[in-house]
$ cat coords.csv   # CSV, C-alpha atoms
chain,number,residue,atom,x,y,z
A,126,MET,CA,193.1,316.8,283.2
A,127,ILE,CA,190.2,318.5,281.6
A,128,ASP,CA,188.7,316.7,278.6
A,129,ARG,CA,188.1,319.0,275.7
A,130,ALA,CA,185.9,318.4,272.7
A,131,PRO,CA,187.8,317.8,269.5
A,132,PRO,CA,187.5,320.6,266.9
A,133,VAL,CA,184.9,320.5,264.3
A,134,GLY,CA,186.0,318.3,261.4
A,135,SER,CA,189.0,316.8,263.2
A,136,GLY,CA,189.7,313.3,262.3
A,137,GLY,CA,187.9,313.8,259.0
A,138,PHE,CA,187.7,315.9,255.8
A,139,ASP,CA,186.6,319.5,256.5
A,140,VAL,CA,184.5,320.6,253.5
A,141,SER,CA,184.2,324.2,254.7
A,142,ARG,CA,188.0,324.7,254.3
A,143,LEU,CA,187.8,324.0,250.6
A,144,TRP,CA,186.1,327.4,249.9
A,145,THR,CA,189.1,329.1,251.2
A,146,ASP,CA,191.3,327.4,248.6
A,147,GLU,CA,191.7,329.8,245.7
A,148,ARG,CA,192.4,327.1,243.2
A,149,PHE,CA,189.3,325.2,244.2
A,150,ARG,CA,187.1,328.3,243.9
A,151,GLY,CA,188.6,328.9,240.4
A,152,VAL,CA,187.7,325.4,239.3
A,153,VAL,CA,184.2,325.7,240.7
A,154,PHE,CA,183.6,329.0,238.9
A,155,GLN,CA,185.0,327.6,235.6
A,156,VAL,CA,182.8,324.5,235.8
A,157,ALA,CA,179.7,326.6,236.5
A,158,LEU,CA,180.5,328.9,233.6
A,159,VAL,CA,180.9,325.9,231.2
A,160,LEU,CA,177.7,324.4,232.4
A,161,GLY,CA,175.9,327.7,232.0
A,162,LEU,CA,177.2,328.2,228.5
A,163,ALA,CA,176.2,324.6,227.6
A,164,ALA,CA,172.7,325.2,228.9
A,165,PHE,CA,172.4,328.4,227.0
A,166,ALA,CA,173.6,326.7,223.8
A,167,ALA,CA,171.2,323.8,224.3
A,168,PHE,CA,168.3,326.3,224.8
A,169,ILE,CA,169.3,328.1,221.5
A,170,VAL,CA,169.5,324.8,219.6
A,171,VAL,CA,166.2,323.4,221.0
A,172,ASN,CA,164.4,326.7,220.3
A,173,THR,CA,165.9,326.9,216.7
A,174,ILE,CA,164.8,323.4,215.9
A,175,ALA,CA,161.3,324.1,217.2
A,176,ASN,CA,161.1,327.2,215.1
A,177,TYR,CA,162.3,325.3,212.0
A,178,GLU,CA,159.7,322.6,212.6
A,179,GLU,CA,157.0,325.3,213.0
A,180,ALA,CA,158.0,326.8,209.6
A,181,GLY,CA,158.0,323.4,207.9
A,182,LEU,CA,161.8,323.3,207.6
A,183,SER,CA,164.4,320.8,208.8
A,184,PHE,CA,167.8,321.8,210.0
A,185,GLY,CA,170.7,320.4,207.9
A,186,TYR,CA,172.9,320.9,204.9
A,187,GLY,CA,171.1,318.6,202.5
A,188,PHE,CA,169.8,321.6,200.6
A,189,LEU,CA,173.4,322.0,199.2
A,190,PHE,CA,172.6,319.2,196.8
A,191,ASP,CA,169.4,320.8,195.4
A,192,THR,CA,169.3,322.5,192.0
A,193,ALA,CA,170.2,326.2,192.3
A,194,ASN,CA,168.1,327.5,189.3
A,195,PHE,CA,170.1,330.8,189.0
A,196,ASP,CA,173.0,331.9,187.0
A,197,ILE,CA,176.4,333.5,187.9
A,198,ASN,CA,178.0,335.8,185.4
A,199,GLN,CA,181.5,335.8,186.9
A,200,ARG,CA,182.9,332.3,187.5
A,201,LEU,CA,186.3,330.6,187.6
A,202,THR,CA,184.9,327.1,187.3
A,203,GLU,CA,182.2,325.3,185.4
A,204,TYR,CA,178.7,326.3,186.5
A,205,ALA,CA,175.2,326.4,185.1
A,206,SER,CA,171.8,327.2,186.4
A,207,THR,CA,171.2,323.4,186.7
A,208,SER,CA,174.1,323.1,189.1
A,209,THR,CA,173.5,322.6,192.9
A,210,TYR,CA,173.6,325.2,195.6
A,211,GLY,CA,176.9,323.7,196.8
A,212,GLN,CA,178.5,324.3,193.5
A,213,ALA,CA,177.1,327.8,193.4
A,214,LEU,CA,178.6,328.6,196.8
A,215,VAL,CA,182.0,327.2,195.6
A,216,VAL,CA,181.9,329.6,192.6
A,217,GLY,CA,181.0,332.5,195.0
A,218,ALA,CA,183.9,331.5,197.3
A,219,LEU,CA,186.3,331.4,194.4
A,220,ASN,CA,185.1,334.9,193.3
A,221,THR,CA,185.8,336.1,196.8
A,222,ILE,CA,189.3,334.6,196.9
A,223,LEU,CA,190.0,336.1,193.4
A,224,VAL,CA,189.2,339.6,194.5
A,225,ALA,CA,191.0,339.2,197.8
A,226,VAL,CA,194.2,338.0,196.2
A,227,MET,CA,194.1,340.6,193.5
A,228,GLY,CA,193.3,343.3,196.0
A,229,ILE,CA,196.0,342.3,198.5
A,230,GLY,CA,198.6,342.3,195.7
A,231,PHE,CA,197.7,345.7,194.2
A,232,ALA,CA,197.1,347.3,197.7
A,233,THR,CA,200.6,346.2,198.7
A,234,VAL,CA,202.1,347.9,195.7
A,235,ILE,CA,200.1,351.1,196.2
A,236,GLY,CA,200.9,351.2,199.9
A,237,PHE,CA,204.7,350.8,199.5
A,238,VAL,CA,205.0,353.2,196.6
A,239,THR,CA,202.9,355.9,198.2
A,240,GLY,CA,204.4,355.3,201.6
A,241,VAL,CA,207.9,356.0,200.2
A,242,LEU,CA,206.7,358.9,198.1
A,243,ARG,CA,205.1,360.5,201.2
A,244,LEU,CA,208.6,360.8,202.6
A,245,SER,CA,210.0,362.3,199.4
A,246,ASN,CA,212.0,365.5,199.6
A,247,ASN,CA,209.9,366.8,196.7
A,248,PHE,CA,207.3,369.0,198.4
A,249,LEU,CA,204.7,368.7,195.6
A,250,VAL,CA,204.9,364.9,195.4
A,251,SER,CA,204.7,364.4,199.1
A,252,ARG,CA,201.8,366.9,199.5
A,253,ILE,CA,199.8,365.3,196.6
A,254,VAL,CA,200.3,361.8,198.1
A,255,ALA,CA,199.3,363.1,201.6
A,256,VAL,CA,196.1,364.6,200.3
A,257,TRP,CA,195.2,361.4,198.4
A,258,VAL,CA,195.9,359.2,201.5
A,259,GLU,CA,193.8,361.4,203.9
A,260,PHE,CA,191.0,361.6,201.4
A,261,THR,CA,190.9,357.9,200.6
A,262,ARG,CA,191.2,356.8,204.2
A,263,ASN,CA,188.3,359.0,205.4
A,264,VAL,CA,185.8,358.2,202.7
A,265,PRO,CA,183.7,355.0,203.5
A,266,VAL,CA,184.8,352.1,201.4
A,267,LEU,CA,181.2,351.3,200.3
A,268,LEU,CA,181.0,354.8,198.7
A,269,GLN,CA,184.3,354.2,196.9
A,270,ILE,CA,183.0,350.8,195.6
A,271,ILE,CA,179.9,352.5,194.2
A,272,PHE,CA,182.0,355.4,192.8
A,273,TRP,CA,184.3,353.1,190.8
A,274,TRP,CA,181.3,351.0,189.7
A,275,LEU,CA,179.5,354.1,188.3
A,276,ILE,CA,182.8,355.1,186.5
A,277,MET,CA,182.8,351.6,184.9
A,278,LEU,CA,179.2,352.0,183.8
A,279,ALA,CA,180.0,355.4,182.3
A,280,LEU,CA,182.4,353.9,179.8
A,281,PRO,CA,181.4,353.8,176.1
A,282,LYS,CA,179.1,351.1,174.9
A,283,VAL,CA,180.4,347.9,173.4
A,284,ARG,CA,180.3,349.2,169.8
A,285,ALA,CA,182.4,352.2,170.8
A,286,SER,CA,184.9,350.3,173.0
A,287,VAL,CA,188.1,352.0,173.9
A,288,SER,CA,191.1,349.7,173.1
A,289,ILE,CA,194.8,349.5,173.8
A,290,GLY,CA,196.6,348.3,170.7
A,291,GLU,CA,193.4,346.4,169.6
A,292,THR,CA,194.3,343.9,172.4
A,293,VAL,CA,192.5,345.1,175.5
A,294,PHE,CA,189.1,346.7,175.2
A,295,PHE,CA,187.2,348.8,177.8
A,296,ASN,CA,183.4,349.4,177.7
A,297,ASN,CA,180.5,349.5,180.1
A,298,ARG,CA,180.3,345.7,180.1
A,299,GLY,CA,183.8,345.5,181.6
A,300,VAL,CA,187.2,344.7,180.3
A,301,ARG,CA,188.0,342.2,177.5
A,302,LEU,CA,191.4,340.6,177.6
A,303,PRO,CA,193.2,338.0,175.5
A,304,SER,CA,192.6,334.5,176.7
A,305,PRO,CA,195.5,332.0,176.8
A,306,ILE,CA,195.1,328.7,174.9
A,307,LEU,CA,197.2,325.9,176.4
A,308,GLU,CA,198.4,323.4,173.9
A,309,ASP,CA,200.5,320.2,174.2
A,310,GLY,CA,203.7,321.0,176.2
A,311,SER,CA,202.3,324.1,177.9
A,312,ALA,CA,202.3,322.3,181.2
A,313,ILE,CA,206.1,321.8,180.9
A,314,VAL,CA,206.6,325.5,180.3
A,315,LEU,CA,204.5,326.3,183.4
A,316,ALA,CA,206.6,323.8,185.4
A,317,MET,CA,209.7,325.5,184.2
A,318,VAL,CA,208.4,328.8,185.7
A,319,LEU,CA,208.4,327.1,189.1
A,320,VAL,CA,211.9,325.7,188.4
A,321,GLY,CA,213.1,329.2,187.6
A,322,ILE,CA,211.6,330.5,190.8
A,323,VAL,CA,213.3,327.8,192.9
A,324,ALA,CA,216.6,328.4,191.1
A,325,ALA,CA,216.4,332.1,191.8
A,326,PHE,CA,215.8,331.5,195.5
A,327,ALA,CA,218.8,329.0,195.5
A,328,LEU,CA,220.9,331.6,193.8
A,329,LYS,CA,220.0,334.2,196.4
A,330,ARG,CA,221.0,331.9,199.3
A,331,TRP,CA,224.3,331.1,197.5
A,332,ALA,CA,225.0,334.8,196.9
A,333,LYS,CA,224.4,335.6,200.6
A,334,ARG,CA,226.7,332.8,201.8
A,335,ARG,CA,229.3,334.0,199.3
A,336,GLN,CA,229.0,337.6,200.5
A,337,ASP,CA,229.3,336.6,204.2
A,338,ALA,CA,232.4,334.6,203.4
A,339,THR,CA,234.2,336.9,201.0
A,340,GLY,CA,232.4,340.2,201.1
A,341,GLN,CA,231.8,340.1,197.4
A,342,THR,CA,228.4,340.9,196.1
A,343,PHE,CA,226.5,339.2,193.3
A,344,PRO,CA,223.9,340.7,191.0
A,345,VAL,CA,221.0,338.5,192.4
A,346,GLY,CA,218.2,340.7,191.0
A,347,TRP,CA,219.0,340.6,187.3
A,348,SER,CA,220.4,337.0,187.5
A,349,GLY,CA,217.2,335.8,189.3
A,350,LEU,CA,215.0,337.6,186.8
A,351,GLY,CA,217.0,335.9,184.0
A,352,LEU,CA,216.4,332.5,185.6
A,353,VAL,CA,212.6,333.1,186.1
A,354,LEU,CA,212.1,334.3,182.6
A,355,GLY,CA,215.0,332.7,180.7
A,356,ILE,CA,214.4,329.0,181.6
A,357,PRO,CA,210.7,329.0,180.6
A,358,LEU,CA,211.4,331.0,177.4
A,359,VAL,CA,214.1,328.5,176.3
A,360,VAL,CA,211.7,325.6,176.9
A,361,PHE,CA,208.9,327.5,175.3
A,362,PHE,CA,210.7,327.9,172.0
A,363,ALA,CA,212.3,324.5,172.2
A,364,LEU,CA,208.8,322.9,172.3
A,365,GLY,CA,207.6,324.9,169.3
A,366,GLN,CA,205.7,327.7,171.3
A,367,PRO,CA,202.9,325.6,172.8
A,368,LEU,CA,200.9,328.6,173.9
A,369,ASP,CA,198.6,330.7,171.9
A,370,PHE,CA,196.1,333.5,172.7
A,371,ASP,CA,192.5,334.0,171.8
A,372,MET,CA,192.5,337.7,170.9
A,373,PRO,CA,189.3,339.8,171.3
A,374,VAL,CA,188.0,341.1,168.0
A,375,GLN,CA,185.8,344.1,167.6
A,376,LYS,CA,182.7,343.1,165.6
A,377,ARG,CA,179.8,345.3,164.4
A,378,PHE,CA,177.7,344.9,167.5
A,379,ASN,CA,179.8,343.0,170.0
A,380,LEU,CA,183.3,341.8,170.9
A,381,GLN,CA,184.2,338.2,170.2
A,382,GLY,CA,187.0,336.1,171.6
A,383,GLY,CA,189.2,336.7,174.7
A,384,VAL,CA,188.0,336.7,178.3
A,385,SER,CA,185.6,339.2,179.8
A,386,ILE,CA,186.0,340.8,183.3
A,387,THR,CA,182.8,342.2,184.6
A,388,PRO,CA,182.7,345.9,185.6
A,389,GLU,CA,181.6,344.8,189.1
A,390,LEU,CA,184.9,342.9,189.6
A,391,VAL,CA,187.0,345.8,188.3
A,392,ALA,CA,185.2,348.3,190.5
A,393,LEU,CA,185.5,346.2,193.6
A,394,TRP,CA,189.1,345.5,193.0
A,395,LEU,CA,190.1,349.1,192.4
A,396,ALA,CA,188.1,350.3,195.4
A,397,LEU,CA,189.4,347.8,197.9
A,398,SER,CA,193.0,348.1,196.6
A,399,THR,CA,193.1,351.9,196.8
A,400,TYR,CA,191.3,352.1,200.2
A,401,THR,CA,193.5,349.5,201.8
A,402,GLY,CA,196.6,350.8,200.0
A,403,ALA,CA,196.0,354.2,201.7
A,404,PHE,CA,196.2,352.5,205.1
A,405,ILE,CA,199.2,350.4,204.2
A,406,SER,CA,200.9,353.7,203.0
A,407,GLU,CA,200.7,355.1,206.5
A,408,ILE,CA,202.0,351.8,207.9
A,409,VAL,CA,205.0,351.8,205.5
A,410,ARG,CA,205.7,355.5,206.3
A,411,SER,CA,205.7,354.8,210.1
A,412,GLY,CA,207.9,351.7,209.6
A,413,ILE,CA,210.5,353.7,207.6
A,414,LEU,CA,210.5,356.5,210.2
A,415,ALA,CA,211.0,353.9,213.0
A,416,VAL,CA,214.5,353.1,211.5
A,417,SER,CA,217.2,355.3,213.1
A,418,LYS,CA,218.1,358.2,210.9
A,419,GLY,CA,221.7,357.7,211.8
A,420,GLN,CA,221.8,354.5,209.7
A,421,THR,CA,220.7,356.4,206.6
A,422,GLU,CA,223.2,359.1,207.3
A,423,ALA,CA,226.0,356.6,207.8
A,424,ALA,CA,225.1,354.8,204.6
A,425,GLY,CA,225.1,358.1,202.7
A,426,ALA,CA,228.5,358.9,204.2
A,427,LEU,CA,229.8,355.7,202.7
A,428,GLY,CA,228.6,356.8,199.2
A,429,LEU,CA,225.6,354.5,198.8
A,430,ARG,CA,222.8,355.8,196.5
A,431,ARG,CA,219.5,356.7,198.0
A,432,ASN,CA,217.6,353.9,196.3
A,433,LEU,CA,220.2,351.4,197.5
A,434,ILE,CA,219.9,352.7,201.0
A,435,MET,CA,216.2,352.4,201.0
A,436,ARG,CA,216.2,348.9,199.5
A,437,GLN,CA,219.1,347.3,201.3
A,438,ILE,CA,219.2,349.1,204.7
A,439,VAL,CA,215.9,350.9,205.6
A,440,LEU,CA,213.2,348.6,204.2
A,441,PRO,CA,214.6,345.3,205.7
A,442,GLN,CA,214.5,346.8,209.1
A,443,ALA,CA,211.2,348.6,208.6
A,444,LEU,CA,209.5,345.4,207.6
A,445,ARG,CA,209.7,344.2,211.2
A,446,VAL,CA,207.5,347.1,212.1
A,447,ILE,CA,205.3,347.0,208.9
A,448,VAL,CA,204.3,343.4,208.7
A,449,PRO,CA,202.1,342.9,211.8
A,450,PRO,CA,199.7,345.9,211.2
A,451,MET,CA,199.8,345.2,207.5
A,452,THR,CA,198.4,341.7,208.2
A,453,SER,CA,195.4,343.3,209.8
A,454,GLN,CA,194.8,345.4,206.7
A,455,TYR,CA,194.9,342.2,204.5
A,456,LEU,CA,192.3,340.7,206.7
A,457,ASN,CA,190.2,343.8,206.6
A,458,LEU,CA,190.4,343.8,202.8
A,459,THR,CA,189.2,340.2,202.6
A,460,LYS,CA,186.3,340.9,204.9
A,461,ASN,CA,185.4,344.1,203.2
A,462,SER,CA,184.9,342.2,199.9
A,463,SER,CA,181.5,341.1,201.3
A,464,LEU,CA,180.3,344.6,200.4
A,465,ALA,CA,180.3,343.4,196.8
A,466,VAL,CA,176.7,342.6,197.2
A,467,ALA,CA,176.0,346.3,196.9
A,468,ILE,CA,177.0,346.4,193.3
A,469,GLY,CA,176.0,342.9,192.3
A,470,TYR,CA,179.3,341.2,192.2
A,471,GLN,CA,178.5,337.5,192.9
A,472,ASP,CA,180.9,336.7,195.7
A,473,ILE,CA,180.0,334.1,198.4
A,474,VAL,CA,177.7,336.5,200.3
A,475,SER,CA,175.8,337.5,197.2
A,476,VAL,CA,175.4,333.9,196.0
A,477,GLY,CA,174.6,332.8,199.6
A,478,ASP,CA,171.9,335.4,199.9
A,479,THR,CA,170.2,334.1,196.8
A,480,THR,CA,170.6,330.6,198.1
A,481,LEU,CA,169.1,331.7,201.5
A,482,ASN,CA,166.1,333.3,199.9
A,483,GLN,CA,165.3,330.3,197.8
A,484,SER,CA,165.9,327.5,200.3
A,485,GLY,CA,165.1,329.3,203.6
A,486,GLN,CA,168.0,327.7,205.3
A,487,ALA,CA,169.2,330.9,207.0
A,488,ILE,CA,171.3,329.5,209.8
A,489,GLU,CA,173.1,327.0,207.6
A,490,VAL,CA,174.0,329.6,205.0
A,491,ILE,CA,175.2,332.1,207.6
A,492,SER,CA,177.3,329.4,209.2
A,493,ILE,CA,178.9,328.7,205.8
A,494,TYR,CA,179.8,332.4,205.6
A,495,MET,CA,181.4,332.4,209.0
A,496,ALA,CA,183.4,329.2,208.4
A,497,PHE,CA,184.6,330.5,205.1
A,498,TYR,CA,185.8,333.9,206.3
A,499,LEU,CA,187.3,332.3,209.4
A,500,ALA,CA,189.3,329.9,207.3
A,501,LEU,CA,190.4,332.6,204.9
A,502,SER,CA,191.5,334.9,207.7
A,503,LEU,CA,193.4,332.1,209.5
A,504,ILE,CA,195.2,331.1,206.3
A,505,THR,CA,196.2,334.7,205.6
A,506,SER,CA,197.4,335.4,209.2
A,507,SER,CA,199.3,332.1,209.4
A,508,PHE,CA,201.2,332.9,206.2
A,509,MET,CA,202.0,336.5,207.4
A,510,ASN,CA,203.1,335.2,210.9
A,511,TRP,CA,205.4,332.8,209.2
A,512,TYR,CA,206.9,335.6,207.1
A,513,ASN,CA,207.2,337.8,210.1
A,514,ARG,CA,209.2,335.1,211.9
A,515,ARG,CA,211.5,334.8,209.0
A,516,ILE,CA,212.4,338.5,209.0
A,517,ALA,CA,212.6,338.8,212.7
A,518,LEU,CA,215.9,339.7,214.4
A,519,VAL,CA,217.7,336.6,215.7
A,520,GLU,CA,219.3,337.3,219.1
A,521,ARG,CA,222.6,335.8,219.8

$ encode --input "coords.csv" --output "C-alpha cells"
Amino acid sequence: MIDRAPPVGSGGFDVSRLWTDERFRGVVFQVALVLGLAAFAAFIVVNTIANYEEAGLSFGYGFLFDTANFDINQRLTEYASTSTYGQALVVGALNTILVAVMGIGFATVIGFVTGVLRLSNNFLVSRIVAVWVEFTRNVPVLLQIIFWWLIMLALPKVRASVSIGETVFFNNRGVRLPSPILEDGSAIVLAMVLVGIVAAFALKRWAKRRQDATGQTFPVGWSGLGLVLGIPLVVFFALGQPLDFDMPVQKRFNLQGGVSITPELVALWLALSTYTGAFISEIVRSGILAVSKGQTEAAGALGLRRNLIMRQIVLPQALRVIVPPMTSQYLNLTKNSSLAVAIGYQDIVSVGDTTLNQSGQAIEVISIYMAFYLALSLITSSFMNWYNRRIALVER
C-alpha cells in the first residue's frame, strides 16, 4: 500500500474553514462594527472633553443648580429669576407640553370636521374646504406662526380691549380669561368628574353587552353626558358651590384679575392646530373613502340617517386606517412646537437657548432637548398604538 500524507488540518481544528461559515462571518462583521462604533464614540468623547478643558469648562449637569437670572412670562408653575436653570427648563418643558396638548386636541377637531365636510354633497362647502386645506398644507408652518403672531399684535391696545360679555378680553397683550378659585370641597367636585367619566364608560360597556344579547339599543351619549356633568353638579351644589372665579375687570389703563394668555401662545396654538389639522383632514378623508361604499348604501337602504351612518358605521371602520398616519401628525406637531423660538414663546428650546448662552454648556443642553422630545414622542406613540390595538379588527 502507498502511504499518503494526511490532509491539511486533519486530526485538528481547521481555522480556514470558519470563514466559509456564513454565521461566523456575520458575527465577525458585527463585532467589528461594534468595536468601530465604540472607538468612534470614544474619540468624540475624548475630543469633546479636551475642547471643554481648553475653553475652561467642565462637562456635566451641575450647572442646572446655578441661578438662572432671567424671567419667563408664560409659566404653569412657580418660577422667579432667582430660580435655577433646572427649574427654568422644567417651566419651558411644561410650556411645550401645554401647546402640544392644546394643539393636538384642536387639530384633531379641525381635521375630522373638515375631512367630513370635504366629502359633502354641497359643492360650495366641499370646494371652500378643499381650497383651505391645499393652501394651509403648502404654506410653511413657520410663516403661519408669524402670520398669527402679527394678527395678535395688531389687536387693540389694553385700554381698548375687545371683550365677549365683559368676561373674555382680547388685546395686543394676549387674551384675559376668568381664573378659577378653588375653595374647600372643590377637590371632591373634581374627583366626582372622574367618577362620572368612569360611570359613563361602565354604562357604555353595559349597553353594548345588552345590545349584543337583546338587540335593544340604549341612549349612551345623552346618558353618559348626564353622568359626567350631573354627578359633579349635584355634589357641587350639595357642598355649597365650592368654586369661584376671579373675573377680569377693565380698568382705566389695564386689566385686573383673571389669567392672561400671551399672544405668542395663542399664535403658536392656532398655527400648529390649523397646519396639522389640514393634514389630518386629508387622512380622515382617505380613511372614509377606504370604507366600502356598499356599506353606506346598505345602511341607507335600511333607513338610517346620514349622520348615524357616518358615526356608527363609517367612522369606526375608517379609524383603523386613520389612526396610524394621524399618530405621525401628532408627533410632527409636537416637534414643530420648537419653532416657537421665532416669536419668543418660551418653550424648552427658547429657555434652553438662554441657558446655553449664559452657561456655555452646549452639549448638555442639546442632550436635554433630545431626551425630552424623545420621551414626549415615545409617550404619544405608545398611547396611540394602544388605542390602535383596541380598535383593530379581531380575527376569529

$ closest_residue --input "coords.csv" --among "A:Leu499, A:Leu368, A:Ile271, A:Leu456" --to "Ile468 (chain A)" --atoms "all atoms listed in the file"
A:Ile271

$ residues_around --input "coords.csv" --residues "region 230-240 of chain A" --least-positions-apart "6" --cutoff "10 Å" --atoms "all atoms listed in the file" --output "JSON, numbers by chain"
{"A": [224, 250, 251, 254, 255, 257, 258, 394, 395, 396, 397, 398, 399, 400, 401, 402, 403, 404, 405, 406, 407, 408, 409, 410, 411, 412, 413, 440, 451, 454, 455, 458]}

$ closest_atom_pairs --input "coords.csv" --of "region 490-520 of chain A" --to "region 175-192 of chain A" --cutoff "12 Å" --atoms "all atoms listed in the file" --output "tab-separated table"
residue	atom	partner	partner_atom	distance
A:Val490	CA	A:Tyr186	CA	8.8
A:Ile491	CA	A:Tyr186	CA	11.7
A:Ser492	CA	A:Tyr186	CA	10.5
A:Ile493	CA	A:Tyr186	CA	9.9

$ atom_distance --input "coords.csv" --atom1 "CA of Thr387 (chain A)" --atom2 "CA of Leu223 (chain A)"
12.9 Å

$ atom_distance --input "coords.csv" --atom1 "CA of Leu268 (chain A)" --atom2 "CA of Gln483 (chain A)"
29.1 Å

$ atom_distance --input "coords.csv" --atom1 "CA of Ala324 (chain A)" --atom2 "CA of Val359 (chain A)"
15.0 Å

$ closest_residue --input "coords.csv" --among "A:Gly355, A:Pro441, A:Gly485, A:Pro281" --to "Arg515 (chain A)" --atoms "only C-alpha atoms"
A:Pro441

$ residues_around --input "coords.csv" --residues "region 360-363 of chain A" --least-positions-apart "3" --cutoff "9 Å" --atoms "only C-alpha atoms" --output "ChimeraX atom specification"
/A:310-311,313-314,317,355-357,366-368

$ write_last_selection --input "coords.csv" --atoms "C-alpha atoms" --output "short mmCIF file (atom, residue, chain, number, x, y, z; two decimals), in the coordinates of the input"
data_model
loop_
_atom_site.label_atom_id
_atom_site.label_comp_id
_atom_site.auth_asym_id
_atom_site.auth_seq_id
_atom_site.Cartn_x
_atom_site.Cartn_y
_atom_site.Cartn_z
CA GLY A 310 203.70 321.00 176.20
CA SER A 311 202.30 324.10 177.90
CA ILE A 313 206.10 321.80 180.90
CA VAL A 314 206.60 325.50 180.30
CA MET A 317 209.70 325.50 184.20
CA GLY A 355 215.00 332.70 180.70
CA ILE A 356 214.40 329.00 181.60
CA PRO A 357 210.70 329.00 180.60
CA GLN A 366 205.70 327.70 171.30
CA PRO A 367 202.90 325.60 172.80
CA LEU A 368 200.90 328.60 173.90
#
